[in-house]
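Coordinates as given in structure_33.pdb (PDB, C-alpha atoms, pLDDT in the B column):
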```
ATOM      1  CA  MET A 124      74.999 101.523 147.006  1.00 67.00           C
ATOM      2  CA  LEU A 125      78.502 102.957 146.581  1.00 66.00           C
ATOM      3  CA  GLN A 126      77.669 104.058 143.041  1.00 83.00           C
ATOM      4  CA  ALA A 127      74.547 105.877 144.297  1.00 80.00           C
ATOM      5  CA  ALA A 128      76.562 107.624 147.008  1.00 86.00           C
ATOM      6  CA  THR A 129      79.250 108.627 144.515  1.00 91.00           C
ATOM      7  CA  ARG A 130      76.622 109.907 142.110  1.00 91.00           C
ATOM      8  CA  TRP A 131      74.922 111.873 144.935  1.00 89.00           C
ATOM      9  CA  PHE A 132      78.290 113.443 145.840  1.00 93.00           C
ATOM     10  CA  ARG A 133      78.982 114.363 142.207  1.00 95.00           C
ATOM     11  CA  TYR A 134      75.449 115.687 141.774  1.00 93.00           C
ATOM     12  CA  ASN A 135      75.967 118.005 144.733  1.00 92.00           C
ATOM     13  CA  LEU A 136      79.390 119.080 143.494  1.00 95.00           C
ATOM     14  CA  VAL A 137      77.873 120.094 140.144  1.00 96.00           C
ATOM     15  CA  GLY A 138      74.973 121.679 142.021  1.00 92.00           C
ATOM     16  CA  ILE A 139      77.325 123.794 144.119  1.00 94.00           C
ATOM     17  CA  MET A 140      79.128 124.969 140.992  1.00 97.00           C
ATOM     18  CA  GLY A 141      75.792 125.679 139.320  1.00 95.00           C
ATOM     19  CA  PHE A 142      74.559 127.554 142.352  1.00 91.00           C
ATOM     20  CA  ALA A 143      77.703 129.701 142.233  1.00 96.00           C
ATOM     21  CA  VAL A 144      76.946 130.447 138.563  1.00 97.00           C
ATOM     22  CA  GLN A 145      73.332 131.203 139.472  1.00 94.00           C
ATOM     23  CA  THR A 146      74.300 133.480 142.369  1.00 94.00           C
ATOM     24  CA  LEU A 147      76.882 135.386 140.334  1.00 96.00           C
ATOM     25  CA  THR A 148      74.411 135.794 137.478  1.00 97.00           C
ATOM     26  CA  LEU A 149      71.665 136.902 139.861  1.00 95.00           C
ATOM     27  CA  THR A 150      73.969 139.386 141.565  1.00 95.00           C
ATOM     28  CA  PHE A 151      75.000 140.838 138.201  1.00 96.00           C
ATOM     29  CA  LEU A 152      71.408 141.086 136.977  1.00 97.00           C
ATOM     30  CA  LEU A 153      70.186 142.717 140.192  1.00 94.00           C
ATOM     31  CA  GLU A 154      73.008 145.246 140.338  1.00 94.00           C
ATOM     32  CA  TRP A 155      73.377 146.125 136.652  1.00 96.00           C
ATOM     33  CA  THR A 156      70.071 145.612 134.850  1.00 96.00           C
ATOM     34  CA  GLY A 157      67.355 146.914 137.130  1.00 91.00           C
ATOM     35  CA  LEU A 158      65.268 143.801 136.530  1.00 95.00           C
ATOM     36  CA  PRO A 159      62.710 142.898 139.206  1.00 94.00           C
ATOM     37  CA  ASP A 160      63.953 140.300 141.710  1.00 91.00           C
ATOM     38  CA  LEU A 161      62.012 137.331 140.405  1.00 88.00           C
ATOM     39  CA  ALA A 162      62.691 138.102 136.715  1.00 94.00           C
ATOM     40  CA  ALA A 163      66.428 138.266 137.462  1.00 95.00           C
ATOM     41  CA  LEU A 164      66.160 135.028 139.428  1.00 89.00           C
ATOM     42  CA  ALA A 165      64.380 133.275 136.539  1.00 90.00           C
ATOM     43  CA  LEU A 166      67.171 134.274 134.132  1.00 95.00           C
ATOM     44  CA  ALA A 167      69.855 133.220 136.602  1.00 95.00           C
ATOM     45  CA  VAL A 168      68.179 129.812 137.004  1.00 90.00           C
ATOM     46  CA  ALA A 169      68.100 129.381 133.206  1.00 91.00           C
ATOM     47  CA  VAL A 170      71.842 130.066 132.974  1.00 95.00           C
ATOM     48  CA  ALA A 171      72.579 127.650 135.821  1.00 95.00           C
ATOM     49  CA  LEU A 172      70.436 124.927 134.240  1.00 93.00           C
ATOM     50  CA  SER A 173      72.486 124.889 131.062  1.00 94.00           C
ATOM     51  CA  HIS A 174      75.704 124.870 133.087  1.00 96.00           C
ATOM     52  CA  ASN A 175      74.463 121.987 135.227  1.00 96.00           C
ATOM     53  CA  PHE A 176      73.355 119.863 132.295  1.00 95.00           C
ATOM     54  CA  PHE A 177      76.786 120.140 130.688  1.00 95.00           C
ATOM     55  CA  TRP A 178      78.534 119.014 133.894  1.00 96.00           C
ATOM     56  CA  HIS A 179      75.984 116.344 134.846  1.00 95.00           C
ATOM     57  CA  GLU A 180      76.589 114.749 131.440  1.00 94.00           C
ATOM     58  CA  ARG A 181      80.323 114.600 132.098  1.00 94.00           C
ATOM     59  CA  VAL A 182      80.598 114.123 135.858  1.00 94.00           C
ATOM     60  CA  THR A 183      77.402 112.846 137.469  1.00 94.00           C
ATOM     61  CA  TRP A 184      76.053 110.515 134.769  1.00 92.00           C
ATOM     62  CA  PRO A 185      79.026 109.915 132.402  1.00 92.00           C
ATOM     63  CA  ASP A 186      77.879 106.333 131.804  1.00 90.00           C
ATOM     64  CA  ARG A 187      74.752 107.364 129.887  1.00 88.00           C
ATOM     65  CA  PRO A 188      74.741 106.964 126.070  1.00 86.00           C
ATOM     66  CA  ARG A 189      75.917 110.076 124.226  1.00 82.00           C
ATOM     67  CA  GLU A 190      73.530 109.395 121.352  1.00 81.00           C
ATOM     68  CA  GLU A 191      70.624 110.388 123.597  1.00 84.00           C
ATOM     69  CA  ARG A 192      72.170 113.724 124.609  1.00 89.00           C
ATOM     70  CA  PHE A 193      69.737 115.994 122.737  1.00 90.00           C
ATOM     71  CA  VAL A 194      66.670 114.127 123.976  1.00 90.00           C
ATOM     72  CA  ARG A 195      68.083 114.197 127.494  1.00 91.00           C
ATOM     73  CA  PHE A 196      68.836 117.929 127.196  1.00 91.00           C
ATOM     74  CA  ALA A 197      65.224 118.584 126.168  1.00 91.00           C
ATOM     75  CA  ARG A 198      63.947 116.420 129.047  1.00 90.00           C
ATOM     76  CA  PHE A 199      66.291 118.203 131.445  1.00 91.00           C
ATOM     77  CA  GLN A 200      65.227 121.671 130.338  1.00 89.00           C
ATOM     78  CA  LEU A 201      61.519 120.866 130.364  1.00 89.00           C
ATOM     79  CA  SER A 202      61.324 118.827 133.542  1.00 87.00           C
ATOM     80  CA  THR A 203      64.212 119.920 135.722  1.00 85.00           C
ATOM     81  CA  GLY A 204      63.947 123.442 134.365  1.00 84.00           C
ATOM     82  CA  THR A 205      60.300 123.650 135.319  1.00 87.00           C
ATOM     83  CA  LEU A 206      60.937 122.065 138.705  1.00 84.00           C
ATOM     84  CA  SER A 207      63.904 124.379 139.316  1.00 82.00           C
ATOM     85  CA  LEU A 208      62.010 127.487 138.311  1.00 82.00           C
ATOM     86  CA  LEU A 209      59.014 126.584 140.438  1.00 85.00           C
ATOM     87  CA  SER A 210      61.080 125.669 143.482  1.00 82.00           C
ATOM     88  CA  ASN A 211      63.482 128.588 143.057  1.00 79.00           C
ATOM     89  CA  LEU A 212      60.847 131.220 142.438  1.00 83.00           C
ATOM     90  CA  GLY A 213      58.159 129.812 144.702  1.00 89.00           C
ATOM     91  CA  LEU A 214      60.276 128.859 147.681  1.00 89.00           C
ATOM     92  CA  THR A 215      62.424 131.978 147.392  1.00 89.00           C
ATOM     93  CA  LYS A 216      59.342 134.202 147.413  1.00 90.00           C
ATOM     94  CA  ILE A 217      57.882 132.300 150.380  1.00 92.00           C
ATOM     95  CA  VAL A 218      61.142 132.663 152.334  1.00 91.00           C
ATOM     96  CA  MET A 219      61.337 136.375 151.452  1.00 92.00           C
ATOM     97  CA  LEU A 220      57.775 136.979 152.627  1.00 94.00           C
ATOM     98  CA  ALA A 221      58.096 134.861 155.760  1.00 95.00           C
ATOM     99  CA  THR A 222      61.468 136.159 156.927  1.00 95.00           C
ATOM    100  CA  GLY A 223      62.023 139.503 155.246  1.00 95.00           C
ATOM    101  CA  MET A 224      65.416 138.261 154.038  1.00 94.00           C
ATOM    102  CA  PRO A 225      66.759 139.598 150.713  1.00 92.00           C
ATOM    103  CA  VAL A 226      66.414 137.577 147.517  1.00 88.00           C
ATOM    104  CA  LEU A 227      69.974 136.150 147.545  1.00 86.00           C
ATOM    105  CA  ALA A 228      69.760 134.790 151.094  1.00 90.00           C
ATOM    106  CA  SER A 229      66.227 133.507 150.520  1.00 91.00           C
ATOM    107  CA  ASN A 230      67.369 131.728 147.375  1.00 87.00           C
ATOM    108  CA  VAL A 231      70.119 129.875 149.256  1.00 88.00           C
ATOM    109  CA  LEU A 232      67.494 128.359 151.543  1.00 88.00           C
ATOM    110  CA  ALA A 233      65.169 127.546 148.640  1.00 87.00           C
ATOM    111  CA  VAL A 234      67.851 125.748 146.620  1.00 84.00           C
ATOM    112  CA  ALA A 235      69.113 123.770 149.604  1.00 84.00           C
ATOM    113  CA  SER A 236      65.614 122.595 150.480  1.00 82.00           C
ATOM    114  CA  ALA A 237      64.862 121.339 146.946  1.00 82.00           C
ATOM    115  CA  SER A 238      68.198 119.596 146.290  1.00 83.00           C
ATOM    116  CA  PHE A 239      67.371 115.994 147.212  1.00 81.00           C
ATOM    117  CA  VAL A 240      64.080 115.944 145.303  1.00 83.00           C
ATOM    118  CA  GLN A 241      65.890 117.312 142.253  1.00 86.00           C
ATOM    119  CA  PHE A 242      68.537 114.575 142.464  1.00 86.00           C
ATOM    120  CA  LEU A 243      65.989 111.769 142.681  1.00 86.00           C
ATOM    121  CA  PHE A 244      64.019 113.179 139.776  1.00 87.00           C
ATOM    122  CA  ASN A 245      67.115 113.553 137.598  1.00 88.00           C
ATOM    123  CA  ASP A 246      68.411 110.085 138.444  1.00 88.00           C
ATOM    124  CA  LYS A 247      65.110 108.325 137.752  1.00 87.00           C
ATOM    125  CA  VAL A 248      63.696 110.403 134.881  1.00 87.00           C
ATOM    126  CA  VAL A 249      66.164 112.630 133.045  1.00 88.00           C
ATOM    127  CA  PHE A 250      69.377 110.591 133.192  1.00 89.00           C
ATOM    128  CA  ARG A 251      67.756 107.166 133.526  1.00 82.00           C
ATOM    129  CA  ALA A 252      69.845 104.254 132.347  1.00 75.00           C
TER     130      ALA A 252
END
```
Full structure transcribed into structure tokens:
Amino acid sequence: MLQAATRWFRYNLVGIMGFAVQTLTLTFLLEWTGLPDLAALALAVAVALSHNFFWHERVTWPDRPREERFVRFARFQLSTGTLSLLSNLGLTKIVMLATGMPVLASNVLAVASASFVQFLFNDKVVFRA
């Protein structure tokens, strides 16, 4: 139980760092590229995903075999990437439409609401022992 709690804490620590990367990337893309909101968000999520995988390998699940890194990276990108994109884009758009909040604020709510499901999925599927 303690190991699960520690892993959950580390997962959230990496997630907070990744969300900072995502938010900074999104802010840059919105202010400097002229991309539409959801296109900029999709790119920002992709950048954050790669960041998160790197840190999850080293901090959240350091006990997993290194030999499986490339397979795990592919699983992470395909599964967690898809789940992240769907939850980020879908939930963010829903929050924007329902509340009228801007994309950055809406995305904070979307990411927070999907966090626990993402952890369980990663623990049981992507970084399984």
Practice task
To verify the selection step, state as a list in words which residues the PyMOL selection byres ((chain A and resi 251) around 12) yields on this input.
Solution key: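 Checking the PyMOL selection byres ((chain A and resi 251) around 12) against this file, the residues are Glu180, Thr183, Trp184, Pro185, Asp186, Arg187, Pro188, Glu191, Arg192, Val194, Arg195, Arg198, Phe199, Phe242, Leu243, Phe244, Asn245, Asp246, Lys247, Val248, Val249, Phe250 and Ala252 of chain A.
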Handout entry: Answer as JSON, numbers by chain, residues within 8 Å of (68.8, 135.2, 143.5) using all atoms listed in the file
Key = {"A": [145, 146, 149, 150, 160, 161, 163, 164, 167, 226, 227, 228, 229, 230, 231]}
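Minimum distance to Ala237 of chain A across A:Asn135, A:Phe176, A:Leu147, A:Glu154 (counting only C-alpha atoms) occurs at A:Asn135.
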Practice task
Could you tell me which residues the PyMOL selection byres ((chain A and resi 211) around 10) grabs in this file, written as a PyMOL selection string?
Solution key: chain A and resi 161+164-165+168+205-210+212-217+229-237
Can those selected residues be exported to a file as a PDB file, keeping the file's coordinate frame so that it contains C-alpha atoms?
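Result file follows (out.pdb):
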```pdb
ATOM      1  CA  LEU A 161      62.012 137.331 140.405  1.00 88.00           C
ATOM      2  CA  LEU A 164      66.160 135.028 139.428  1.00 89.00           C
ATOM      3  CA  ALA A 165      64.380 133.275 136.539  1.00 90.00           C
ATOM      4  CA  VAL A 168      68.179 129.812 137.004  1.00 90.00           C
ATOM      5  CA  THR A 205      60.300 123.650 135.319  1.00 87.00           C
ATOM      6  CA  LEU A 206      60.937 122.065 138.705  1.00 84.00           C
ATOM      7  CA  SER A 207      63.904 124.379 139.316  1.00 82.00           C
ATOM      8  CA  LEU A 208      62.010 127.487 138.311  1.00 82.00           C
ATOM      9  CA  LEU A 209      59.014 126.584 140.438  1.00 85.00           C
ATOM     10  CA  SER A 210      61.080 125.669 143.482  1.00 82.00           C
ATOM     11  CA  LEU A 212      60.847 131.220 142.438  1.00 83.00           C
ATOM     12  CA  GLY A 213      58.159 129.812 144.702  1.00 89.00           C
ATOM     13  CA  LEU A 214      60.276 128.859 147.681  1.00 89.00           C
ATOM     14  CA  THR A 215      62.424 131.978 147.392  1.00 89.00           C
ATOM     15  CA  LYS A 216      59.342 134.202 147.413  1.00 90.00           C
ATOM     16  CA  ILE A 217      57.882 132.300 150.380  1.00 92.00           C
ATOM     17  CA  SER A 229      66.227 133.507 150.520  1.00 91.00           C
ATOM     18  CA  ASN A 230      67.369 131.728 147.375  1.00 87.00           C
ATOM     19  CA  VAL A 231      70.119 129.875 149.256  1.00 88.00           C
ATOM     20  CA  LEU A 232      67.494 128.359 151.543  1.00 88.00           C
ATOM     21  CA  ALA A 233      65.169 127.546 148.640  1.00 87.00           C
ATOM     22  CA  VAL A 234      67.851 125.748 146.620  1.00 84.00           C
ATOM     23  CA  ALA A 235      69.113 123.770 149.604  1.00 84.00           C
ATOM     24  CA  SER A 236      65.614 122.595 150.480  1.00 82.00           C
ATOM     25  CA  ALA A 237      64.862 121.339 146.946  1.00 82.00           C
TER      26      ALA A 237
END
```
Exercise for the section: Check the smallest atom-to-atom distance from each of A:Leu220, A:Gly157, A:Arg189, A:His179 to Leu136 of chain A using only C-alpha atoms, then report the winner. Expected result: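 Ranking A:Leu220, A:Gly157, A:Arg189, A:His179 by distance to Leu136 of chain A, first place goes to A:His179.
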Practice task
Compare A:Thr156, A:Thr203, A:Thr148, A:Gln126 by their minimum atom-to-atom distance to Val240 of chain A, counting only C-alpha atoms, and give me the closest one.
Solution key: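 Among the listed residues, the smallest separation from Val240 of chain A belongs to A:Thr203.
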Exercise for the section: Quote the spacing between atom CA of Val144 of chain A and atom CA of Ala171 of chain A in Å to one decimal place. Expected result: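 Atom-to-atom, atom CA of Val144 of chain A and atom CA of Ala171 of chain A are spaced 5.9 Å apart.
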Fill in the blank from the handout: What separates atom CA of Tyr134 of chain A and atom CA of Val182 of chain A is a distance of 8.0 Å
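The coordinates place atom CA of Phe142 of chain A at 9.0 Å from atom CA of Asn175 of chain A.
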Practice task
Determine the nearest neighbour of Met140 of chain A from the options A:Met224, A:Phe239, A:His174, A:Glu190, counting all atoms listed in the file.
Solution key: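 Going through A:Met224, A:Phe239, A:His174, A:Glu190 one by one, the smallest distance to Met140 of chain A is for A:His174.
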Hey, could you patch up segment 144-169 of chain A with N, CA and C atoms and hand it over as a short mmCIF file (atom, residue, chain, number, x, y, z; two decimals), in the frame of the given file?
```
data_model
loop_
_atom_site.label_atom_id
_atom_site.label_comp_id
_atom_site.auth_asym_id
_atom_site.auth_seq_id
_atom_site.Cartn_x
_atom_site.Cartn_y
_atom_site.Cartn_z
N VAL A 144 77.27 129.78 139.84
CA VAL A 144 76.95 130.45 138.56
C VAL A 144 75.63 131.21 138.70
N GLN A 145 74.63 130.57 139.29
CA GLN A 145 73.33 131.20 139.47
C GLN A 145 73.43 132.45 140.35
N THR A 146 74.17 132.35 141.44
CA THR A 146 74.30 133.48 142.37
C THR A 146 75.06 134.64 141.74
N LEU A 147 76.13 134.33 141.02
CA LEU A 147 76.88 135.39 140.33
C LEU A 147 76.03 136.06 139.26
N THR A 148 75.29 135.24 138.51
CA THR A 148 74.41 135.79 137.48
C THR A 148 73.32 136.65 138.10
N LEU A 149 72.72 136.15 139.17
CA LEU A 149 71.67 136.90 139.86
C LEU A 149 72.21 138.22 140.41
N THR A 150 73.36 138.17 141.02
CA THR A 150 73.97 139.39 141.56
C THR A 150 74.20 140.41 140.45
N PHE A 151 74.77 139.95 139.34
CA PHE A 151 75.00 140.84 138.20
C PHE A 151 73.68 141.44 137.71
N LEU A 152 72.69 140.60 137.50
CA LEU A 152 71.41 141.09 136.98
C LEU A 152 70.73 142.07 137.93
N LEU A 153 70.81 141.81 139.22
CA LEU A 153 70.19 142.72 140.19
C LEU A 153 70.91 144.06 140.26
N GLU A 154 72.23 144.02 140.17
CA GLU A 154 73.01 145.25 140.34
C GLU A 154 73.14 146.06 139.06
N TRP A 155 73.06 145.41 137.89
CA TRP A 155 73.38 146.12 136.65
C TRP A 155 72.22 146.28 135.68
N THR A 156 71.13 145.54 135.86
CA THR A 156 70.07 145.61 134.85
C THR A 156 68.80 146.29 135.33
N GLY A 157 68.59 146.33 136.62
CA GLY A 157 67.36 146.91 137.13
C GLY A 157 66.15 146.01 136.98
N LEU A 158 66.38 144.74 136.64
CA LEU A 158 65.27 143.80 136.53
C LEU A 158 64.63 143.57 137.90
N PRO A 159 63.34 143.28 137.94
CA PRO A 159 62.71 142.90 139.21
C PRO A 159 63.35 141.61 139.75
N ASP A 160 63.30 141.44 141.05
CA ASP A 160 63.95 140.30 141.71
C ASP A 160 63.64 138.96 141.06
N LEU A 161 62.37 138.66 140.90
CA LEU A 161 62.01 137.33 140.40
C LEU A 161 62.32 137.15 138.92
N ALA A 162 62.29 138.21 138.13
CA ALA A 162 62.69 138.10 136.72
C ALA A 162 64.19 137.82 136.62
N ALA A 163 64.98 138.51 137.44
CA ALA A 163 66.43 138.27 137.46
C ALA A 163 66.71 136.84 137.93
N LEU A 164 65.97 136.39 138.92
CA LEU A 164 66.16 135.03 139.43
C LEU A 164 65.82 133.99 138.35
N ALA A 165 64.76 134.21 137.61
CA ALA A 165 64.38 133.28 136.54
C ALA A 165 65.49 133.18 135.48
N LEU A 166 66.07 134.29 135.10
CA LEU A 166 67.17 134.27 134.13
C LEU A 166 68.41 133.58 134.71
N ALA A 167 68.70 133.85 135.96
CA ALA A 167 69.86 133.22 136.60
C ALA A 167 69.67 131.70 136.69
N VAL A 168 68.46 131.25 136.96
CA VAL A 168 68.18 129.81 137.00
C VAL A 168 68.39 129.20 135.62
N ALA A 169 67.94 129.88 134.58
CA ALA A 169 68.10 129.38 133.21
C ALA A 169 69.58 129.22 132.84
#
```
